[in-house]
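Data first, discussion second: the structure below is written as C-alpha cells.
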Amino acid sequence: MKHFLILIFIVSGVFVPLSLQLSPARAGHAQFITYELNTVYAAWDDWRSKYITNWRAGESPRVRVLGGVSEFTTVSEGQAYGILLASLFDDQETLDGLWLFTADHQTDNGLMHWHIHQHGEIFGTGAATDGDLDMAIGLVTACEKVRYGTWVASKHGLDYCALATDLITALYDHTVDHPGEGPAAGLDDNFGYELIPGDQWNMREEFPNGIVNLSYFSPGYFRVFAEFTDDERWYNVIERNYALANVAQALPGNCSDLIPNWTTYDGRPQFVDWQPEQYEQWSYDAFRFAWRVAVDKYWFNDAEASQTMNEIGGFFASVGMQNVRAEYRLDGTAIKDYHNPIFVSAAAVSIWAADDPIATDCGDASGTLQSDAQEGYDMLADYEFVDYYSDSWRLLTLVLMADMFPNPLEEPVFRDVNRDGLVTPSDANLIISNIGQQPEGDLVNADVDNNGIINGDDFNRVLFAIGIAELTPR
C-alpha cells in the first residue's frame with residue numbers, strides 16, 4: 001500500500017511530455033488543430049512568474065497581478081485573469097492568494113474595485129464587470145474541482161462554491177440593468193437585461209441612451225451561472241445582449257460583422273470621451289467579444305454563437321492571418337499597419353470556432369477564405385512575450401484553442417479502463433503505466449477526461465471514483 005501512495009504523489013501533478021503533439025478529442029467547433037501542450041504550460045509559467053507577485057500585496061499568502069494601467073499597480077481584470085488561469089492550471093495556492101487580495105478590495109456591492117495601487121490603497125473605485133465575471137467562472141471551476149475530488153479543500157478556508165454564488169449574485173444585482181427600475185448604475189426606462197460596465201456608473205446623467213461594452217458579454221459563462229445558481233434570469237441577459245450585438249453587426253456600412261468598443265441600448269456606437277475615436281471601432285475593447293462568444297460556441301454549441309463565429313471568423317479568414325492588423329473600422333479596413341497578439345488572438349479564435357466561415361468581401365477581406373484555424377494557432381503560439389495585455393490574451397486564447405478550458409459543470413467521466421465491469425485500483429494502475437500516451441485502441445478508456453492525453457488528471461478521477469480521492473495531494 002505504501003508503494004501505491006508513492007505513485008499517487010508522483011502522478012497527481014504530472015504534466016505532459018514536452019514534445020507531444022495532440023489533436024483535440026472533443027470540441028464544440030469544426031476546425032480541428034494540432035498543438036503542443038508544453039507551449040501552453042510554458043506560457044502559463046512565464047505569465048505567472050512575470051505578472052503575479054507578493055510585492056505590496058499584504059499579508060501572505062496574498063498575491064496580485066501587476067499591469068493594466070502601469071506595471072506597478074493592479075486592475076481587477078488582471079486579478080481575474082490570474083484566478084481563472086490558476087483554476088485551469090490546477091494552481092490552487094495561487095488562486096487562493098489572488099482571491100484573498102481581491103476580497104480585501106471589494107466595493108460595498110461585493111465586487112472588486114477596478115484599480116489598486118498597493119494593498120489597501122484604492123486608485124480607481126467601482127467595479128469593472130468583465131473582471132468579476134472572469135473571477136466568478138474561475139471560482140466555479142475551483143468549486144467543481146473540489147466537489148469532484150481533483151482538488152482538496154482550500155487550506156486557507158475558502159469555500160469556493162459559496163464565494164462563486166455570492167459573486168454571481170452580486171453581478172446580477174449590480175451589473176445587469178433590470179427591466180424598468182434598475183440598479184443604481186442603470187436606467188429606469190430600459191428594455192431590461194443589458195450588461196452594465198460596472199456597479200458605480202452614473203448612467204442616468206452621463207449615458208441616458210445606455211452604454212454597453214459587448215466585450216464583457218460572456219454568454220457561455222451566463223449559461224453556467226444560470227445552472228450553478230438556479231437563476232434563469234441569466235438566459236434573458238444572453239438573449240438581450242446577443243440582440244444588441246446583432247444590431248451592431250447590422251449597422252449601415254458594417255460589412256465586416258465586427259462590433260464597436262461601446263454601444264448604446266439600441267446597438268449604435270456610444271461615444272466615450274476616453275476613446276474619442278476608438279469607441280466606434282473594433283479596437284482594444286471590442287476584440288475580446290470574439291473570445292467570449294467562442295467560449296459559448298465551444299461549451300454549448302449555441303446557434304447564435306455559431307452564426308456570430310461564422311461571420312467574424314469568415315471575415316478574418318478572408319483577410320488572411322498574415323494580413324491581420326491592429327484595430328479595424330466596421331467597414332473592414334485596418335486602422336494600423338502592424339499586427340500584434342491581441343488582434344491575432346481574436347482572429348485565430350474566431351476562425352477556430354467557426355463551423356462554416358462565411359467568405360467576406362469587405363474592406364481588407366478578399367472575398368475568399370485565405371486562412372484556417374491551424375495557421376491562426378501557429379502564429380499565436382510563435383509569439384514571444386510583449387506586454388501584460390497582449391500576453392494575457394495570447395495565453396487565454398491558447399488555453400481555449402488547446403481544449404484546456406472545459407465547461408466547469410461538465411461532470412467528470414469515470415471509466416472502467418480495463419473493462420472488467422468495475423472501477424478499481426487496477427484501472428488506476430493501467431493509467432500509471434501509460435502516463436504521457438495518446439489514447440488509441442485499448443487505451444481510449446484511460447483518457448478519462450477526454451482531453452487527448454493520458455495524465456495525472458485521469459488518474460485522479462479514477463481514484464475519486466473508487467473513493468480514495470483524499471489520498472491525492474495537490
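Chain labels run A, B, ... following the order of the C-alpha cells; each chain numbers its residues from 1, and ligands are numbered from 1 in the order shown.
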Any idea what's packed within 12 Å of Pro252 of chain A, counting only C-alpha atoms, ignoring anything in its chain fewer than 2 positions away? Could you give it as a short mmCIF file (atom, residue, chain, number, x, y, z; two decimals) with all heavy atoms, in the first residue's frame?
data_model
loop_
_atom_site.label_atom_id
_atom_site.label_comp_id
_atom_site.auth_asym_id
_atom_site.auth_seq_id
_atom_site.Cartn_x
_atom_site.Cartn_y
_atom_site.Cartn_z
N VAL A 247 -27.64 43.90 -33.73
CA VAL A 247 -27.93 45.23 -34.24
C VAL A 247 -26.63 45.94 -34.62
O VAL A 247 -26.53 46.57 -35.68
CB VAL A 247 -28.71 46.05 -33.20
CG1 VAL A 247 -28.83 47.51 -33.65
CG2 VAL A 247 -30.09 45.46 -32.98
N ALA A 248 -25.62 45.84 -33.74
CA ALA A 248 -24.34 46.48 -34.03
C ALA A 248 -23.70 45.90 -35.30
O ALA A 248 -23.12 46.63 -36.10
CB ALA A 248 -23.39 46.31 -32.85
N GLN A 249 -23.86 44.60 -35.51
CA GLN A 249 -23.29 43.98 -36.71
C GLN A 249 -24.02 44.41 -37.98
O GLN A 249 -23.45 44.33 -39.07
CB GLN A 249 -23.34 42.46 -36.58
CG GLN A 249 -22.36 41.89 -35.56
CD GLN A 249 -22.46 40.38 -35.50
OE1 GLN A 249 -23.49 39.82 -35.11
NE2 GLN A 249 -21.39 39.71 -35.90
N ALA A 250 -25.27 44.84 -37.83
CA ALA A 250 -26.08 45.22 -39.00
C ALA A 250 -26.13 46.73 -39.22
O ALA A 250 -26.92 47.19 -40.05
CB ALA A 250 -27.50 44.68 -38.83
N ASN A 254 -21.54 48.58 -42.00
CA ASN A 254 -20.81 47.49 -41.34
C ASN A 254 -20.92 46.24 -42.20
O ASN A 254 -21.88 45.48 -42.10
CB ASN A 254 -21.36 47.24 -39.95
CG ASN A 254 -20.54 46.19 -39.19
OD1 ASN A 254 -19.66 45.54 -39.74
ND2 ASN A 254 -20.83 46.04 -37.91
N CYS A 255 -19.92 46.01 -43.04
CA CYS A 255 -19.90 44.79 -43.85
C CYS A 255 -18.99 43.73 -43.25
O CYS A 255 -18.89 42.62 -43.78
CB CYS A 255 -19.46 45.11 -45.28
SG CYS A 255 -17.83 45.92 -45.40
N SER A 256 -18.32 44.06 -42.15
CA SER A 256 -17.35 43.14 -41.54
C SER A 256 -17.96 42.24 -40.49
O SER A 256 -17.38 41.21 -40.13
CB SER A 256 -16.24 43.96 -40.88
OG SER A 256 -16.76 44.73 -39.79
N ASP A 257 -19.13 42.62 -39.97
CA ASP A 257 -19.79 41.93 -38.84
C ASP A 257 -19.00 42.06 -37.55
O ASP A 257 -19.27 41.33 -36.58
CB ASP A 257 -20.05 40.46 -39.16
CG ASP A 257 -21.16 40.27 -40.18
OD1 ASP A 257 -22.21 40.90 -40.01
OD2 ASP A 257 -20.96 39.52 -41.15
N GLY A 267 -27.93 49.55 -29.72
CA GLY A 267 -26.91 48.92 -30.56
C GLY A 267 -26.06 49.86 -31.39
O GLY A 267 -25.20 49.40 -32.14
N ARG A 268 -26.27 51.17 -31.26
CA ARG A 268 -25.44 52.13 -32.01
C ARG A 268 -24.16 52.42 -31.24
O ARG A 268 -24.12 52.30 -30.00
CB ARG A 268 -26.22 53.43 -32.22
CG ARG A 268 -27.42 53.30 -33.15
CD ARG A 268 -28.16 54.62 -33.29
NE ARG A 268 -28.82 55.03 -32.06
CZ ARG A 268 -28.40 55.99 -31.26
NH1 ARG A 268 -27.31 56.69 -31.57
NH2 ARG A 268 -29.06 56.29 -30.15
N PRO A 269 -23.09 52.84 -31.92
CA PRO A 269 -21.87 53.21 -31.19
C PRO A 269 -22.14 54.32 -30.18
O PRO A 269 -22.85 55.29 -30.48
CB PRO A 269 -20.93 53.68 -32.30
CG PRO A 269 -21.40 52.97 -33.52
CD PRO A 269 -22.89 52.89 -33.39
N LEU A 330 -15.50 49.38 -38.89
CA LEU A 330 -16.55 48.41 -39.18
C LEU A 330 -16.72 48.17 -40.68
O LEU A 330 -17.36 47.19 -41.07
CB LEU A 330 -17.87 48.87 -38.57
CG LEU A 330 -17.87 49.05 -37.04
CD1 LEU A 330 -19.29 49.31 -36.55
CD2 LEU A 330 -17.25 47.86 -36.32
N ASP A 331 -16.11 49.03 -41.49
CA ASP A 331 -16.15 48.79 -42.94
C ASP A 331 -15.07 47.80 -43.38
O ASP A 331 -14.85 47.60 -44.58
CB ASP A 331 -16.04 50.10 -43.72
CG ASP A 331 -14.67 50.78 -43.56
OD1 ASP A 331 -13.77 50.20 -42.91
OD2 ASP A 331 -14.52 51.91 -44.08
#
As a JSON list (two decimals) with all heavy atoms, in the first residue's frame, please: the residues near segment 308-323 of chain A (cut-off 6 Å, only C-alpha atoms, same-chain neighbours under 2 positions excluded).
[["chain", "number", "residue", "atom", "x", "y", "z"],
["A", 257, "ASP", "N", -19.13, 42.62, -39.97],
["A", 257, "ASP", "CA", -19.79, 41.93, -38.84],
["A", 257, "ASP", "C", -19.00, 42.06, -37.55],
["A", 257, "ASP", "O", -19.27, 41.33, -36.58],
["A", 257, "ASP", "CB", -20.05, 40.46, -39.16],
["A", 257, "ASP", "CG", -21.16, 40.27, -40.18],
["A", 257, "ASP", "OD1", -22.21, 40.90, -40.01],
["A", 257, "ASP", "OD2", -20.96, 39.52, -41.15],
["A", 305, "ALA", "N", -24.20, 31.69, -31.16],
["A", 305, "ALA", "CA", -22.74, 31.75, -31.14],
["A", 305, "ALA", "C", -22.16, 31.24, -32.45],
["A", 305, "ALA", "O", -21.20, 31.81, -32.98],
["A", 305, "ALA", "CB", -22.20, 30.93, -29.97],
["A", 306, "SER", "N", -22.74, 30.17, -32.98],
["A", 306, "SER", "CA", -22.26, 29.62, -34.25],
["A", 306, "SER", "C", -22.36, 30.64, -35.37],
["A", 306, "SER", "O", -21.41, 30.83, -36.15],
["A", 306, "SER", "CB", -23.06, 28.37, -34.61],
["A", 306, "SER", "OG", -22.85, 27.33, -33.69],
["A", 347, "ALA", "N", -8.63, 37.02, -34.15],
["A", 347, "ALA", "CA", -8.82, 36.42, -35.47],
["A", 347, "ALA", "C", -8.71, 34.91, -35.40],
["A", 347, "ALA", "O", -9.53, 34.17, -35.97],
["A", 347, "ALA", "CB", -7.79, 36.99, -36.44],
["A", 350, "SER", "N", -11.68, 33.22, -33.63],
["A", 350, "SER", "CA", -12.91, 33.35, -34.44],
["A", 350, "SER", "C", -12.93, 32.31, -35.55],
["A", 350, "SER", "O", -13.97, 31.67, -35.79],
["A", 350, "SER", "CB", -13.00, 34.75, -35.05],
["A", 350, "SER", "OG", -13.03, 35.75, -34.06],
["A", 351, "ILE", "N", -11.81, 32.13, -36.22],
["A", 351, "ILE", "CA", -11.74, 31.13, -37.28],
["A", 351, "ILE", "C", -11.89, 29.73, -36.69],
["A", 351, "ILE", "O", -12.61, 28.88, -37.23],
["A", 351, "ILE", "CB", -10.41, 31.26, -38.05],
["A", 351, "ILE", "CG1", -10.33, 32.63, -38.74],
["A", 351, "ILE", "CG2", -10.26, 30.14, -39.08],
["A", 351, "ILE", "CD1", -8.96, 32.94, -39.34],
["A", 353, "ALA", "N", -13.49, 28.77, -34.05],
["A", 353, "ALA", "CA", -14.84, 28.49, -33.57],
["A", 353, "ALA", "C", -15.89, 28.50, -34.67],
["A", 353, "ALA", "O", -17.07, 28.29, -34.39],
["A", 353, "ALA", "CB", -15.22, 29.51, -32.49],
["A", 354, "ALA", "N", -15.49, 28.74, -35.90],
["A", 354, "ALA", "CA", -16.45, 28.84, -37.00],
["A", 354, "ALA", "C", -16.70, 27.47, -37.62],
["A", 354, "ALA", "O", -15.78, 26.85, -38.15],
["A", 354, "ALA", "CB", -15.92, 29.82, -38.05],
["A", 356, "ASP", "N", -18.76, 27.06, -40.21],
["A", 356, "ASP", "CA", -18.91, 27.29, -41.64],
["A", 356, "ASP", "C", -18.59, 28.76, -41.93],
["A", 356, "ASP", "O", -19.49, 29.56, -42.18],
["A", 356, "ASP", "CB", -20.34, 26.96, -42.07],
["A", 356, "ASP", "CG", -20.54, 26.99, -43.58],
["A", 356, "ASP", "OD1", -19.52, 26.99, -44.30],
["A", 356, "ASP", "OD2", -21.70, 27.03, -44.02],
["A", 357, "PRO", "N", -17.31, 29.13, -41.88],
["A", 357, "PRO", "CA", -16.96, 30.55, -42.04],
["A", 357, "PRO", "C", -17.46, 31.11, -43.36],
["A", 357, "PRO", "O", -17.37, 30.46, -44.40],
["A", 357, "PRO", "CB", -15.42, 30.54, -41.96],
["A", 357, "PRO", "CG", -15.02, 29.13, -42.25],
["A", 357, "PRO", "CD", -16.13, 28.27, -41.75],
["A", 358, "ILE", "N", -17.99, 32.32, -43.28],
["A", 358, "ILE", "CA", -18.60, 32.96, -44.43],
["A", 358, "ILE", "C", -17.56, 33.84, -45.12],
["A", 358, "ILE", "O", -17.06, 34.81, -44.54],
["A", 358, "ILE", "CB", -19.81, 33.81, -44.00],
["A", 358, "ILE", "CG1", -20.84, 32.93, -43.28],
["A", 358, "ILE", "CG2", -20.42, 34.54, -45.19],
["A", 358, "ILE", "CD1", -21.94, 33.73, -42.60],
["A", 359, "ALA", "N", -17.21, 33.49, -46.35],
["A", 359, "ALA", "CA", -16.26, 34.31, -47.11],
["A", 359, "ALA", "C", -16.82, 35.72, -47.25],
["A", 359, "ALA", "O", -17.98, 35.92, -47.59],
["A", 359, "ALA", "CB", -16.01, 33.69, -48.48],
["A", 360, "THR", "N", -15.98, 36.71, -46.99],
["A", 360, "THR", "CA", -16.43, 38.09, -46.90],
["A", 360, "THR", "C", -15.63, 38.97, -47.86],
["A", 360, "THR", "O", -14.40, 38.91, -47.87],
["A", 360, "THR", "CB", -16.26, 38.62, -45.46],
["A", 360, "THR", "OG1", -16.93, 37.74, -44.56],
["A", 360, "THR", "CG2", -16.82, 40.02, -45.32],
["A", 364, "ASP", "N", -10.61, 45.04, -46.09],
["A", 364, "ASP", "CA", -9.40, 44.27, -46.33],
["A", 364, "ASP", "C", -9.67, 42.78, -46.55],
["A", 364, "ASP", "O", -8.73, 42.03, -46.82],
["A", 364, "ASP", "CB", -8.44, 44.42, -45.14],
["A", 364, "ASP", "CG", -7.93, 45.84, -44.98],
["A", 364, "ASP", "OD1", -8.10, 46.63, -45.93],
["A", 364, "ASP", "OD2", -7.38, 46.15, -43.92],
["A", 365, "ALA", "N", -10.91, 42.37, -46.44],
["A", 365, "ALA", "CA", -11.26, 40.97, -46.66],
["A", 365, "ALA", "C", -11.40, 40.70, -48.16],
["A", 365, "ALA", "O", -12.03, 41.48, -48.89],
["A", 365, "ALA", "CB", -12.56, 40.62, -45.94],
["A", 366, "SER", "N", -10.84, 39.59, -48.61],
["A", 366, "SER", "CA", -10.65, 39.33, -50.04],
["A", 366, "SER", "C", -11.86, 38.75, -50.76],
["A", 366, "SER", "O", -11.90, 38.72, -51.98],
["A", 366, "SER", "CB", -9.49, 38.35, -50.21],
["A", 366, "SER", "OG", -9.82, 37.10, -49.60],
["A", 367, "GLY", "N", -12.84, 38.25, -50.01],
["A", 367, "GLY", "CA", -13.97, 37.57, -50.63],
["A", 367, "GLY", "C", -13.78, 36.07, -50.74],
["A", 367, "GLY", "O", -14.71, 35.36, -51.12],
["A", 368, "THR", "N", -12.59, 35.58, -50.42],
["A", 368, "THR", "CA", -12.33, 34.13, -50.38],
["A", 368, "THR", "C", -11.60, 33.80, -49.08],
["A", 368, "THR", "O", -10.86, 34.63, -48.54],
["A", 368, "THR", "CB", -11.46, 33.68, -51.58],
["A", 368, "THR", "OG1", -10.22, 34.38, -51.54],
["A", 368, "THR", "CG2", -12.18, 33.95, -52.89],
["A", 369, "LEU", "N", -11.80, 32.59, -48.61],
["A", 369, "LEU", "CA", -11.18, 32.17, -47.35],
["A", 369, "LEU", "C", -9.69, 31.91, -47.57],
["A", 369, "LEU", "O", -9.31, 31.05, -48.36],
["A", 369, "LEU", "CB", -11.88, 30.92, -46.81],
["A", 369, "LEU", "CG", -13.39, 31.07, -46.54],
["A", 369, "LEU", "CD1", -13.97, 29.74, -46.06],
["A", 369, "LEU", "CD2", -13.67, 32.18, -45.54],
["A", 370, "GLN", "N", -8.86, 32.65, -46.87],
["A", 370, "GLN", "CA", -7.41, 32.61, -47.06],
["A", 370, "GLN", "C", -6.69, 31.77, -46.00],
["A", 370, "GLN", "O", -5.59, 31.27, -46.25],
["A", 370, "GLN", "CB", -6.83, 34.02, -47.02],
["A", 370, "GLN", "CG", -7.46, 34.99, -47.99],
["A", 370, "GLN", "CD", -7.09, 34.66, -49.43],
["A", 370, "GLN", "OE1", -5.95, 34.32, -49.72],
["A", 370, "GLN", "NE2", -8.06, 34.76, -50.33],
["A", 371, "SER", "N", -7.26, 31.65, -44.80],
["A", 371, "SER", "CA", -6.56, 31.02, -43.68],
["A", 371, "SER", "C", -7.49, 30.09, -42.93],
["A", 371, "SER", "O", -8.72, 30.25, -42.93],
["A", 371, "SER", "CB", -6.02, 32.08, -42.72],
["A", 371, "SER", "OG", -5.03, 32.87, -43.32]]
Neighbour list for Ala57 of chain A as a ChimeraX atom specification, cut-off 10 Å, only C-alpha atoms, skip fewer than 2 positions in-chain: /A:53-55,59-65,74,97-98,100-102,117-120
My list of candidates is A:Ser76, A:Gln92, A:Thr333, A:Ser87. Which is closest to Met404 of chain A when distances are computed with only C-alpha atoms? A:Ser87
7 Å contact set for segment 290-304 of chain A, only C-alpha atoms, chain neighbours under 4 positions out, as a PDB file with all heavy atoms, in the first residue's frame:
ATOM      1  N   ALA A  27     -14.765  18.798 -29.004  1.00  0.00           N
ATOM      2  CA  ALA A  27     -14.848  20.248 -29.015  1.00  0.00           C
ATOM      3  C   ALA A  27     -16.121  20.674 -29.717  1.00  0.00           C
ATOM      4  O   ALA A  27     -16.626  19.967 -30.573  1.00  0.00           O
ATOM      5  CB  ALA A  27     -13.642  20.855 -29.737  1.00  0.00           C
ATOM      6  N   GLY A  28     -16.643  21.869 -29.337  1.00  0.00           N
ATOM      7  CA  GLY A  28     -17.818  22.403 -29.992  1.00  0.00           C
ATOM      8  C   GLY A  28     -17.433  23.288 -31.156  1.00  0.00           C
ATOM      9  O   GLY A  28     -18.014  24.339 -31.342  1.00  0.00           O
ATOM     10  N   HIS A  29     -16.434  22.895 -31.904  1.00  0.00           N
ATOM     11  CA  HIS A  29     -16.006  23.677 -33.056  1.00  0.00           C
ATOM     12  C   HIS A  29     -15.665  22.717 -34.182  1.00  0.00           C
ATOM     13  O   HIS A  29     -15.500  21.518 -33.970  1.00  0.00           O
ATOM     14  CB  HIS A  29     -14.805  24.552 -32.704  1.00  0.00           C
ATOM     15  CG  HIS A  29     -13.642  23.786 -32.154  1.00  0.00           C
ATOM     16  ND1 HIS A  29     -12.716  23.160 -32.941  1.00  0.00           N
ATOM     17  CD2 HIS A  29     -13.286  23.527 -30.885  1.00  0.00           C
ATOM     18  CE1 HIS A  29     -11.821  22.560 -32.189  1.00  0.00           C
ATOM     19  NE2 HIS A  29     -12.144  22.761 -30.931  1.00  0.00           N
ATOM     20  N   PHE A 217     -19.554  40.831 -22.577  1.00  0.00           N
ATOM     21  CA  PHE A 217     -20.655  39.874 -22.743  1.00  0.00           C
ATOM     22  C   PHE A 217     -20.090  38.456 -22.841  1.00  0.00           C
ATOM     23  O   PHE A 217     -19.342  38.142 -23.758  1.00  0.00           O
ATOM     24  CB  PHE A 217     -21.448  40.245 -23.991  1.00  0.00           C
ATOM     25  CG  PHE A 217     -22.525  39.279 -24.372  1.00  0.00           C
ATOM     26  CD1 PHE A 217     -23.396  38.750 -23.430  1.00  0.00           C
ATOM     27  CD2 PHE A 217     -22.680  38.895 -25.705  1.00  0.00           C
ATOM     28  CE1 PHE A 217     -24.394  37.860 -23.798  1.00  0.00           C
ATOM     29  CE2 PHE A 217     -23.671  38.016 -26.089  1.00  0.00           C
ATOM     30  CZ  PHE A 217     -24.530  37.492 -25.129  1.00  0.00           C
ATOM     31  N   SER A 218     -20.474  37.599 -21.894  1.00  0.00           N
ATOM     32  CA  SER A 218     -19.906  36.255 -21.775  1.00  0.00           C
ATOM     33  C   SER A 218     -21.028  35.216 -21.724  1.00  0.00           C
ATOM     34  O   SER A 218     -21.326  34.648 -20.668  1.00  0.00           O
ATOM     35  CB  SER A 218     -19.052  36.163 -20.503  1.00  0.00           C
ATOM     36  OG  SER A 218     -18.084  37.177 -20.459  1.00  0.00           O
ATOM     37  N   PRO A 219     -21.669  34.959 -22.863  1.00  0.00           N
ATOM     38  CA  PRO A 219     -22.866  34.107 -22.844  1.00  0.00           C
ATOM     39  C   PRO A 219     -22.613  32.699 -22.323  1.00  0.00           C
ATOM     40  O   PRO A 219     -23.484  32.109 -21.663  1.00  0.00           O
ATOM     41  CB  PRO A 219     -23.325  34.100 -24.302  1.00  0.00           C
ATOM     42  CG  PRO A 219     -22.120  34.507 -25.100  1.00  0.00           C
ATOM     43  CD  PRO A 219     -21.359  35.444 -24.220  1.00  0.00           C
ATOM     44  N   GLY A 220     -21.451  32.118 -22.616  1.00  0.00           N
ATOM     45  CA  GLY A 220     -21.152  30.793 -22.082  1.00  0.00           C
ATOM     46  C   GLY A 220     -21.101  30.797 -20.568  1.00  0.00           C
ATOM     47  O   GLY A 220     -21.628  29.897 -19.901  1.00  0.00           O
ATOM     48  N   THR A 308     -22.525  33.920 -35.130  1.00  0.00           N
ATOM     49  CA  THR A 308     -21.608  35.025 -34.886  1.00  0.00           C
ATOM     50  C   THR A 308     -20.180  34.643 -35.249  1.00  0.00           C
ATOM     51  O   THR A 308     -19.441  35.419 -35.872  1.00  0.00           O
ATOM     52  CB  THR A 308     -21.683  35.458 -33.414  1.00  0.00           C
ATOM     53  OG1 THR A 308     -23.021  35.850 -33.109  1.00  0.00           O
ATOM     54  CG2 THR A 308     -20.747  36.626 -33.137  1.00  0.00           C
ATOM     55  N   MET A 309     -19.768  33.440 -34.877  1.00  0.00           N
ATOM     56  CA  MET A 309     -18.408  32.999 -35.188  1.00  0.00           C
ATOM     57  C   MET A 309     -18.226  32.760 -36.684  1.00  0.00           C
ATOM     58  O   MET A 309     -17.159  33.030 -37.242  1.00  0.00           O
ATOM     59  CB  MET A 309     -18.079  31.735 -34.406  1.00  0.00           C
ATOM     60  CG  MET A 309     -17.877  31.954 -32.914  1.00  0.00           C
ATOM     61  SD  MET A 309     -16.424  32.998 -32.503  1.00  0.00           S
ATOM     62  CE  MET A 309     -17.118  34.641 -32.444  1.00  0.00           C
ATOM     63  N   ALA A 346      -7.825  37.339 -31.483  1.00  0.00           N
ATOM     64  CA  ALA A 346      -9.243  37.447 -31.840  1.00  0.00           C
ATOM     65  C   ALA A 346      -9.518  36.802 -33.186  1.00  0.00           C
ATOM     66  O   ALA A 346     -10.529  36.109 -33.365  1.00  0.00           O
ATOM     67  CB  ALA A 346      -9.666  38.916 -31.857  1.00  0.00           C
ATOM     68  N   VAL A 349      -9.094  32.775 -32.829  1.00  0.00           N
ATOM     69  CA  VAL A 349     -10.158  32.076 -32.113  1.00  0.00           C
ATOM     70  C   VAL A 349     -11.479  32.152 -32.871  1.00  0.00           C
ATOM     71  O   VAL A 349     -12.313  31.237 -32.802  1.00  0.00           O
ATOM     72  CB  VAL A 349     -10.297  32.636 -30.674  1.00  0.00           C
ATOM     73  CG1 VAL A 349     -11.088  33.934 -30.625  1.00  0.00           C
ATOM     74  CG2 VAL A 349     -10.911  31.593 -29.746  1.00  0.00           C
ATOM     75  N   SER A 350     -11.683  33.224 -33.632  1.00  0.00           N
ATOM     76  CA  SER A 350     -12.907  33.351 -34.437  1.00  0.00           C
ATOM     77  C   SER A 350     -12.931  32.308 -35.548  1.00  0.00           C
ATOM     78  O   SER A 350     -13.969  31.675 -35.794  1.00  0.00           O
ATOM     79  CB  SER A 350     -13.001  34.752 -35.045  1.00  0.00           C
ATOM     80  OG  SER A 350     -13.028  35.748 -34.059  1.00  0.00           O
ATOM     81  N   ALA A 353     -13.491  28.768 -34.055  1.00  0.00           N
ATOM     82  CA  ALA A 353     -14.841  28.490 -33.567  1.00  0.00           C
ATOM     83  C   ALA A 353     -15.892  28.505 -34.668  1.00  0.00           C
ATOM     84  O   ALA A 353     -17.075  28.288 -34.391  1.00  0.00           O
ATOM     85  CB  ALA A 353     -15.224  29.506 -32.490  1.00  0.00           C
ATOM     86  N   PRO A 406     -12.509  23.641 -20.251  1.00  0.00           N
ATOM     87  CA  PRO A 406     -13.788  22.953 -20.361  1.00  0.00           C
ATOM     88  C   PRO A 406     -14.888  23.652 -19.572  1.00  0.00           C
ATOM     89  O   PRO A 406     -14.612  24.430 -18.642  1.00  0.00           O
ATOM     90  CB  PRO A 406     -13.495  21.581 -19.757  1.00  0.00           C
ATOM     91  CG  PRO A 406     -12.432  21.865 -18.734  1.00  0.00           C
ATOM     92  CD  PRO A 406     -11.577  22.950 -19.350  1.00  0.00           C
ATOM     93  N   ASN A 407     -16.116  23.394 -19.940  1.00  0.00           N
ATOM     94  CA  ASN A 407     -17.261  23.829 -19.154  1.00  0.00           C
ATOM     95  C   ASN A 407     -17.099  23.263 -17.742  1.00  0.00           C
ATOM     96  O   ASN A 407     -17.042  22.050 -17.562  1.00  0.00           O
ATOM     97  CB  ASN A 407     -18.544  23.305 -19.805  1.00  0.00           C
ATOM     98  CG  ASN A 407     -19.803  23.683 -19.041  1.00  0.00           C
ATOM     99  OD1 ASN A 407     -19.765  24.082 -17.884  1.00  0.00           O
ATOM    100  ND2 ASN A 407     -20.939  23.540 -19.690  1.00  0.00           N
TER     101      ASN A 407
END
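Using only C-alpha atoms for every distance, the candidate list A:Thr150, A:Ser426, A:Thr34, A:Gln79 yields A:Thr34 as the residue closest to Gly376 of chain A.
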